[in-house]
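J.: My file is target-v2.txt. It has compact mmCIF, C-alpha atoms:
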# COMPACT_ATOMS: atom_id res chain seq x y z
CA MET A 8 121.08 117.05 99.75
CA GLU A 9 120.36 116.20 96.13
CA ASN A 10 117.04 117.55 94.83
CA LEU A 11 115.25 114.58 93.32
CA THR A 12 112.92 114.97 90.35
CA PHE A 13 111.05 112.40 88.32
CA GLY A 14 112.97 113.37 85.20
CA GLY A 15 116.28 113.03 86.98
CA ILE A 16 115.79 109.47 88.19
CA GLU A 17 117.28 106.55 86.28
CA LEU A 18 116.37 102.88 86.48
CA GLY A 19 118.75 101.13 88.81
CA THR A 20 119.24 104.12 91.09
CA GLU A 21 120.21 102.81 94.53
CA LEU A 22 118.98 104.33 97.77
CA PRO A 23 121.34 105.05 100.68
CA LYS A 24 121.29 102.27 103.28
CA PHE A 25 119.28 102.64 106.48
CA VAL A 26 120.87 100.54 109.24
CA ARG A 27 119.47 100.00 112.72
CA GLN A 28 120.22 97.61 115.58
CA VAL A 29 117.50 95.71 117.38
CA ASP A 30 117.52 94.62 121.01
CA GLN A 31 114.81 93.93 123.58
CA ARG A 32 114.97 97.52 124.78
CA SER A 33 114.37 98.91 121.28
CA ILE A 34 111.55 96.39 120.75
CA ASN A 35 109.88 97.55 123.98
CA GLY A 36 110.17 101.17 122.84
CA ASN A 37 108.79 100.27 119.43
CA ALA A 38 105.83 98.49 121.07
CA VAL A 39 104.93 101.74 122.81
CA ALA A 40 105.39 103.80 119.65
CA LEU A 41 103.25 101.39 117.61
CA LEU A 42 100.75 100.68 120.43
CA ASP A 43 101.32 97.03 119.55
CA TYR A 44 101.83 95.08 122.76
CA ASN A 45 101.55 91.57 121.38
CA PRO A 46 103.38 89.45 124.00
CA ILE A 47 105.41 87.78 121.27
CA HIS A 48 107.30 91.09 121.12
CA ILE A 49 107.53 92.22 124.72
CA ASN A 50 107.12 89.17 126.98
CA PRO A 51 110.27 86.99 126.89
CA ALA A 52 108.83 84.37 129.26
CA TRP A 53 105.68 83.92 127.18
CA ALA A 54 107.69 83.87 123.96
CA ARG A 55 109.89 81.11 125.37
CA GLU A 56 106.87 79.07 126.47
CA VAL A 57 104.99 79.42 123.17
CA ASN A 58 108.16 79.07 121.05
CA LEU A 59 106.21 80.40 118.12
CA LEU A 60 108.87 80.58 115.42
CA GLY A 61 111.59 78.46 116.96
CA GLN A 62 114.48 79.54 119.19
CA GLY A 63 112.04 80.62 121.92
CA THR A 64 112.82 84.31 121.72
CA THR A 65 110.72 87.38 121.33
CA ILE A 66 110.62 88.77 117.81
CA ALA A 67 110.65 92.37 116.66
CA HIS A 68 107.50 93.86 115.18
CA GLY A 69 107.07 93.34 111.45
CA MET A 70 105.92 96.96 111.46
CA THR A 71 109.35 98.00 112.75
CA THR A 72 111.03 96.28 109.82
CA PHE A 73 108.39 97.96 107.64
CA SER A 74 109.13 101.31 109.27
CA TYR A 75 112.87 100.89 108.70
CA MET A 76 112.38 100.01 105.01
CA THR A 77 110.04 102.97 104.65
CA SER A 78 112.59 105.25 106.32
CA ALA A 79 115.17 104.27 103.71
CA LEU A 80 112.67 105.61 101.20
CA THR A 81 111.53 108.74 103.03
CA GLN A 82 115.09 109.79 103.85
CA TRP A 83 115.85 109.53 100.13
CA CYS A 84 112.89 111.36 98.62
CA TYR A 85 110.77 113.26 101.18
CA PRO A 86 113.17 116.22 101.54
CA SER A 87 112.64 116.77 97.79
CA GLY A 88 108.86 116.62 98.11
CA GLY A 89 108.44 112.98 97.09
CA PHE A 90 105.40 111.16 98.46
CA ILE A 91 104.80 107.44 98.97
CA THR A 92 101.48 106.42 97.45
CA ARG A 93 101.63 102.65 97.94
CA LEU A 94 103.58 100.14 100.01
CA GLU A 95 103.32 96.38 99.69
CA SER A 96 105.48 94.50 102.16
CA LYS A 97 106.26 90.90 103.06
CA PHE A 98 108.07 89.77 106.19
CA VAL A 99 109.88 86.55 105.40
CA GLN A 100 112.09 85.92 108.44
CA PRO A 101 111.69 86.91 112.08
CA VAL A 102 113.90 89.69 113.43
CA ARG A 103 115.24 88.89 116.90
CA PRO A 104 116.97 90.82 119.67
CA GLY A 105 120.63 91.23 118.72
CA ASP A 106 119.99 91.56 114.99
CA THR A 107 121.29 94.40 112.86
CA ILE A 108 118.92 95.32 110.05
CA THR A 109 120.15 96.95 106.86
CA CYS A 110 117.54 98.38 104.50
CA GLY A 111 118.14 99.46 100.95
CA GLY A 112 116.34 99.82 97.68
CA VAL A 113 116.64 100.21 93.95
CA VAL A 114 114.44 102.03 91.44
CA SER A 115 112.95 99.34 89.23
CA GLU A 116 110.21 101.11 87.23
CA LEU A 117 109.51 104.61 85.89
CA HIS A 118 105.86 105.63 85.36
CA PRO A 119 105.54 108.95 83.48
CA ARG A 120 102.22 110.74 84.07
CA GLN A 121 100.81 114.23 83.72
CA LYS A 122 102.75 116.99 85.46
CA GLY A 123 103.56 116.18 89.06
CA GLN A 124 101.97 112.73 88.96
CA GLY A 125 104.88 110.68 87.62
CA PHE A 126 105.93 107.93 89.98
CA VAL A 127 108.68 105.40 90.36
CA VAL A 128 108.60 101.89 91.77
CA VAL A 129 111.29 101.10 94.32
CA GLU A 130 112.08 97.54 95.37
CA LEU A 131 113.14 97.64 99.01
CA SER A 132 114.67 94.93 101.13
CA ALA A 133 115.80 94.43 104.71
CA GLU A 134 118.62 92.06 105.62
CA ASN A 135 120.02 90.89 108.92
CA GLN A 136 123.71 90.70 109.83
CA ARG A 137 123.96 87.23 108.27
CA GLY A 138 122.83 88.56 104.90
CA GLU A 139 119.42 86.86 105.21
CA THR A 140 116.46 88.76 103.79
CA VAL A 141 113.97 89.46 106.57
CA GLY A 142 111.59 91.73 104.65
CA VAL A 143 110.83 93.06 101.19
CA CYS A 144 108.65 95.89 100.00
CA LYS A 145 107.47 97.25 96.68
CA ALA A 146 106.84 101.00 96.90
CA HIS A 147 105.24 103.55 94.61
CA VAL A 148 106.70 107.01 95.05
CA ARG A 149 105.39 110.16 93.39
CA LEU A 150 108.19 112.58 92.59
CA PRO A 151 108.14 116.27 91.63
CA GLU A 152 108.81 117.21 88.00
CA MET B 3 115.16 90.95 134.97
CA ALA B 4 115.48 89.56 131.46
CA ASP B 5 111.93 88.19 131.52
CA GLU B 6 110.32 91.38 132.68
CA VAL B 7 107.77 93.11 130.44
CA ALA B 8 109.36 96.55 130.56
CA VAL B 9 107.43 99.09 128.56
CA GLN B 10 106.49 101.61 131.25
CA GLU B 11 109.67 103.66 130.94
CA PHE B 12 108.86 104.38 127.28
CA LEU B 13 105.36 105.74 127.91
CA THR B 14 105.68 109.35 126.78
CA THR B 15 102.59 110.74 125.08
CA ASP B 16 99.14 111.14 126.59
CA LYS B 17 97.75 108.42 124.32
CA GLN B 18 100.49 105.98 125.25
CA LYS B 19 99.78 106.56 128.94
CA ALA B 20 96.04 106.05 128.41
CA PHE B 21 96.34 102.88 126.31
CA ASP B 22 95.97 99.46 127.94
CA TYR B 23 99.06 97.45 127.01
CA ASP B 24 97.84 94.15 128.43
CA PHE B 25 96.67 92.34 125.28
CA PHE B 26 95.63 89.27 127.32
CA LYS B 27 93.06 91.08 129.43
CA MET B 28 90.32 91.46 126.83
CA ALA B 29 91.37 88.49 124.68
CA PRO B 30 88.08 86.56 125.16
CA ALA B 31 86.27 89.51 123.52
CA TYR B 32 88.49 89.67 120.43
CA VAL B 33 86.94 88.82 117.09
CA ASP B 34 88.44 85.54 115.88
CA TRP B 35 89.08 83.93 112.50
CA ASP B 36 86.13 81.53 112.66
CA THR B 37 83.43 84.04 113.57
CA VAL B 38 84.44 87.10 111.57
CA ASP B 39 81.56 89.11 110.07
CA TYR B 40 81.79 89.14 106.25
CA GLU B 41 79.22 91.83 105.56
CA LYS B 42 79.24 94.51 108.19
CA VAL B 43 81.01 97.86 107.75
CA HIS B 44 82.48 98.97 111.05
CA GLU B 45 83.23 102.48 112.24
CA GLY B 46 86.22 102.76 114.58
CA GLU B 47 85.56 102.77 118.34
CA ARG B 48 87.13 106.23 118.64
CA VAL B 49 89.00 108.84 116.61
CA TYR B 50 92.69 109.70 116.69
CA GLU B 51 93.43 113.36 117.33
CA VAL B 52 96.94 113.85 115.95
CA GLU B 53 99.28 115.92 118.09
CA ALA B 54 102.83 116.92 117.31
CA GLU B 55 104.12 114.91 120.28
CA ASP B 56 102.64 111.75 118.73
CA LEU B 57 104.58 112.22 115.49
CA VAL B 58 107.82 113.23 117.18
CA ASP B 59 107.75 110.32 119.62
CA TYR B 60 107.08 107.86 116.82
CA ALA B 61 110.03 109.13 114.75
CA GLN B 62 112.36 109.06 117.72
CA SER B 63 111.31 105.57 118.80
CA MET B 64 111.82 104.30 115.27
CA GLN B 65 115.22 106.00 115.10
CA ASP B 66 114.26 108.14 112.12
CA ASP B 67 115.96 111.55 112.34
CA LEU B 68 114.35 113.14 109.26
CA PRO B 69 113.33 116.65 110.44
CA LEU B 70 110.04 116.41 108.52
CA PHE B 71 108.86 113.89 111.11
CA SER B 72 110.29 115.33 114.31
CA ASP B 73 111.42 118.96 114.08
CA PRO B 74 108.47 121.37 113.70
CA GLU B 75 110.62 124.42 112.93
CA ALA B 76 112.79 122.70 110.33
CA ALA B 77 109.72 121.01 108.82
CA GLU B 78 108.09 124.41 108.26
CA GLN B 79 110.87 125.20 105.79
CA GLY B 80 110.49 121.83 104.05
CA PRO B 81 108.39 120.75 101.05
CA PHE B 82 105.32 119.89 103.16
CA GLY B 83 105.27 123.25 104.97
CA GLY B 84 105.20 121.62 108.39
CA LEU B 85 105.47 118.43 110.36
CA ILE B 86 103.97 115.30 108.80
CA ALA B 87 103.57 111.73 110.02
CA HIS B 88 105.97 108.96 109.09
CA PRO B 89 103.99 106.65 106.77
CA ILE B 90 104.02 103.74 109.25
CA PHE B 91 102.58 106.03 111.94
CA LEU B 92 99.32 104.64 110.62
CA THR B 93 99.98 101.69 112.94
CA PRO B 94 99.45 103.46 116.29
CA ILE B 95 96.51 105.27 114.71
CA GLY B 96 95.04 101.89 113.82
CA PHE B 97 95.57 100.35 117.27
CA TRP B 98 94.17 103.44 118.98
CA ILE B 99 91.03 103.59 116.86
CA THR B 100 90.45 99.85 117.19
CA GLY B 101 90.24 100.00 120.95
CA GLU B 102 90.15 96.90 123.10
CA LYS B 103 87.25 94.86 121.75
CA GLY B 104 86.09 96.40 118.48
CA PRO B 105 85.73 94.68 115.11
CA LEU B 106 89.46 94.92 114.48
CA SER B 107 90.33 93.61 117.93
CA TRP B 108 91.80 90.49 116.33
CA VAL B 109 94.91 92.58 115.61
CA ARG B 110 95.59 92.33 119.37
CA THR B 111 95.50 88.51 119.41
CA PRO B 112 98.48 87.19 121.38
CA GLY B 113 100.73 85.26 119.02
CA ALA B 114 99.34 86.80 115.82
CA ILE B 115 102.05 87.02 113.16
CA ASN B 116 102.50 89.76 110.58
CA PRO B 117 103.14 88.26 107.13
CA GLY B 118 103.08 91.58 105.20
CA GLN B 119 100.90 94.61 104.63
CA VAL B 120 99.52 96.72 101.79
CA ILE B 121 98.90 100.43 102.34
CA GLU B 122 97.92 103.21 99.96
CA TYR B 123 98.45 106.85 100.88
CA TYR B 124 96.55 109.81 99.47
CA GLU B 125 97.36 112.73 101.79
CA PRO B 126 99.97 113.32 104.49
CA ILE B 127 98.77 113.16 108.09
CA ARG B 128 99.53 116.31 110.09
CA PRO B 129 99.25 117.61 113.65
CA GLY B 130 95.72 118.88 114.22
CA ASP B 131 94.16 116.19 112.06
CA THR B 132 91.38 114.07 113.49
CA ILE B 133 91.47 110.63 111.91
CA ARG B 134 88.56 108.22 111.84
CA ALA B 135 88.43 104.77 110.28
CA ARG B 136 85.95 102.56 108.48
CA THR B 137 86.68 98.85 108.27
CA ARG B 138 85.27 95.87 106.45
CA PHE B 139 86.19 92.25 105.85
CA HIS B 140 88.34 91.66 102.78
CA ASP B 141 89.47 88.03 102.78
CA LYS B 142 90.39 85.05 104.90
CA TRP B 143 92.18 81.90 103.82
CA ILE B 144 94.22 78.92 104.90
CA LYS B 145 97.63 78.36 103.37
CA ARG B 146 100.15 75.78 104.54
CA GLY B 147 97.97 75.19 107.58
CA LYS B 148 98.05 78.83 108.63
CA ARG B 149 94.96 81.01 108.99
CA TYR B 150 95.21 84.41 107.33
CA LEU B 151 92.74 87.24 107.82
CA THR B 152 92.60 90.54 105.90
CA PHE B 153 90.41 93.53 106.67
CA ASN B 154 90.39 96.72 104.64
CA THR B 155 90.42 99.95 106.60
CA GLU B 156 89.93 103.42 105.16
CA TYR B 157 91.22 106.39 107.15
CA PHE B 158 89.61 109.81 106.78
CA ASN B 159 90.63 113.16 108.22
CA GLN B 160 88.37 115.86 109.67
CA ASN B 161 87.59 117.13 106.14
CA GLU B 162 86.30 113.69 105.14
CA THR B 163 89.32 113.34 102.88
CA LEU B 164 90.55 109.79 102.43
CA VAL B 165 94.16 109.89 103.68
CA ALA B 166 95.05 106.20 103.54
CA LYS B 167 93.72 102.73 102.87
CA TRP B 168 95.23 99.69 104.57
CA TRP B 169 94.71 96.00 103.80
CA ILE B 170 95.58 94.67 107.26
CA THR B 171 96.65 91.03 107.24
CA LEU B 172 97.69 88.78 110.11
CA ILE B 173 98.19 85.06 110.62
CA LEU B 174 95.98 84.15 113.55
CA PRO B 175 96.39 81.22 115.91
CA ARG B 176 93.65 78.60 115.87
CA SER B 177 92.92 79.24 119.51
CA LYS B 178 93.62 82.18 121.73
CA GLY B 179 96.25 82.99 124.29
CA GLN B 180 98.66 80.38 125.52
CA GLN B 181 97.68 77.83 122.84
CA ALA B 182 98.78 80.12 120.05
CA HIS B 183 99.76 78.51 116.78
CA GLN B 184 99.17 74.88 117.67
CA PHE B 185 98.23 74.03 114.10
Take the structure from the file and write it as structure tokens.

T.:
Amino acid sequence: MENLTFGGIELGTELPKFVRQVDQRSINGNAVALLDYNPIHINPAWAREVNLLGQGTTIAHGMTTFSYMTSALTQWCYPSGGFITRLESKFVQPVRPGDTITCGGVVSELHPRQKGQGFVVVELSAENQRGETVGVCKAHVRLPE
Amino acid sequence: MADEVAVQEFLTTDKQKAFDYDFFKMAPAYVDWDTVDYEKVHEGERVYEVEAEDLVDYAQSMQDDLPLFSDPEAAEQGPFGGLIAHPIFLTPIGFWITGEKGPLSWVRTPGAINPGQVIEYYEPIRPGDTIRARTRFHDKWIKRGKRYLTFNTEYFNQNETLVAKWWITLILPRSKGQQAHQF
């Protein structure tokens, strides 16, 4: 794997894609992992009755979309000793059972600092199989010299 | 059955088995948008003692195969010198510390929607850490008829080192339970 350094990163660098499929089974497993048992995620009958965001389905956790976007980042830079210092996410469309989520990112800013403190800004996004953006995230990542 | 709430088969770790996954049960005790306390600083109801199985299970459930998060032996050879938590592992820490009726119990509100989150990280979280949290009100507002609530939570490890800070935001229903989001 490539050894990333702050000095070796260029604006516009693209991260490898992180692609995962979502179904009710994965949502149930994610609920356990997150300890987030909101019925809108795990209770199909309740979700149908409440019909919170249209279509009457459960929706995946926003934190799962967040986790996927973050994984695109950690898979890229953590093996080199990179460290995320800030994440700012927005979830703009619900993710539903049956969706395939593709996460990617691009380096949009370089912030030189004293040794070992330089960081980059990465603009991340998550799209479903229809090409609709379901989540975005702006991340600060400290990289080794 | 398609309508079945089927989480039991995924319960793996001791904390998962001990956690009450019925978010309706204590709903009347949850803090709500109208009555939130603006001033008080709240300590978490309990601490989170981080075990390797917690980190490994999280990574596997979230389909992240990076050895740093799930393979203790491989992680020892990596840049962090051992296993560390995936950044979003802060979520189960948060739910665990909140408990069932504490000041952050509104995060359990049935029908609450996640519009986006802001988190800052200062130190990696590792097995053996004991994490506690301190929470205070940050903001609440109405936008396009929806009620947003943000609390700020600081997470400290056993050395009193600040490891993360999270501005937790949710859109809360006007009323609880079955009447969720009847704006």

J.: Looking at B:Ile90, B:Pro105, B:Trp98, B:Thr155, which one is nearest to Gly69 in chain A, with distances taken over all atoms listed in the file?

T.: B:Ile90

J.: My list of candidates is B:Arg176, B:Lys103, B:Lys19, B:Arg138. Which is closest to chain A when distances are computed with only C-alpha atoms?

T.: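 Of all the options, B:Lys19 lies closest to chain A.
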
J.: Set out as a Markdown table a contact list for chain B and chain A with a cut-off of 6 Å, giving each residue of chain B that qualifies its closest atom pair and distance in Å to one decimal, counting all atoms listed in the file, ordered by chain and rising residue number.

T.:
| residue | atom | partner | partner_atom | distance |
| --- | --- | --- | --- | --- |
| B:Asp5 | CA | A:Pro51 | CA | 5.1 |
| B:Val7 | CA | A:Asn50 | CA | 5.3 |
| B:Val9 | CA | A:Asn35 | CA | 5.4 |
| B:Phe12 | CA | A:Gly36 | CA | 5.6 |
| B:Tyr23 | CA | A:Tyr44 | CA | 5.6 |
| B:Tyr60 | CA | A:Ala40 | CA | 5.2 |
| B:Ser63 | CA | A:Asn37 | CA | 5.9 |
| B:Pro81 | CA | A:Gly88 | CA | 5.1 |
| B:Ile90 | CA | A:Ser74 | CA | 5.7 |
| B:Thr93 | CA | A:Leu41 | CA | 5.7 |
| B:Pro94 | CA | A:Leu41 | CA | 4.5 |
| B:Pro112 | CA | A:Asn45 | CA | 5.3 |
| B:Gly113 | CA | A:Ile47 | CA | 5.8 |
| B:Asn116 | CA | A:Gly69 | CA | 5.9 |
| B:Pro117 | CA | A:Phe98 | CA | 5.2 |
| B:Gly118 | CA | A:Lys97 | CA | 3.9 |
| B:Gln119 | CA | A:Ser96 | CA | 5.2 |
| B:Val120 | CA | A:Glu95 | CA | 4.4 |
| B:Ile121 | CA | A:Leu94 | CA | 5.2 |
| B:Glu122 | CA | A:Arg93 | CA | 4.3 |
| B:Tyr123 | CA | A:Thr92 | CA | 4.6 |

J.: Taking into account all atoms listed in the file, which residue in the set A:Leu117, A:Arg103, A:Gly112, A:Leu150 is nearest to Asn135 in chain A?

T.: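 The closest residue to Asn135 in chain A is A:Arg103.
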
J.: Would you please work out which residue, of A:Gly111, A:Lys122, A:Thr12, A:Val127, is nearest to Thr140 in chain A when using all atoms listed in the file?

T.: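 Closest to Thr140 in chain A of all the choices is A:Gly111.
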
J.: Can you tell me which residues surround Ile86 in chain B at a distance of at most 8 Å, considering only C-alpha atoms, apart from same-chain residues fewer than 6 positions away, and format the answer as a ChimeraX atom specification?

T.: /B:57,70-71,126-129

J.: Between CA of Thr20 in chain A and CA of Ser115 in chain A, measure the distance and give it in Å to one decimal.

T.: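 A separation of 8.1 Å between them.
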
J.: Edge lengths and centre in Å to one decimal, as JSON, is what I'm after for the box along x, y and z that holds all listed atoms of range 129-143 of chain B once 4 Å is added on each side.

T.:
{"center_x": 92.3, "center_y": 100.4, "center_z": 108.5, "size_x": 22.0, "size_y": 45.0, "size_z": 19.4}

J.: Would you compute the distance between CA of Asn154 in chain B and CA of Asp22 in chain B? Give it in Å to one decimal.

T.: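 Pair CA of Asn154 in chain B / CA of Asp22 in chain B returns 24.1 Å.
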
J.: Rounded to one decimal in Å, what is the spacing between CA of Leu11 in chain A and CA of His88 in chain B?

T.: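 Separation of CA of Leu11 in chain A and CA of His88 in chain B: 19.1 Å.
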
J.: Out of B:Lys167, B:Lys27, B:Lys17, B:His140, which residue has the shortest atom-to-atom distance to Thr111 in chain B when counting all atoms listed in the file?

T.: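 Going through B:Lys167, B:Lys27, B:Lys17, B:His140 one by one, the smallest distance to Thr111 in chain B is for B:Lys27.
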
J.: Counting all atoms listed in the file, I want the residues whose atoms come within 6 Å of (114.2, 95.3, 104.4) in the file frame, returned as a list in words.

T.: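 Within the cut-off we find Met76, Cys110, Leu131, Ser132, Ala133, Glu134, Gly142 and Val143 of chain A.
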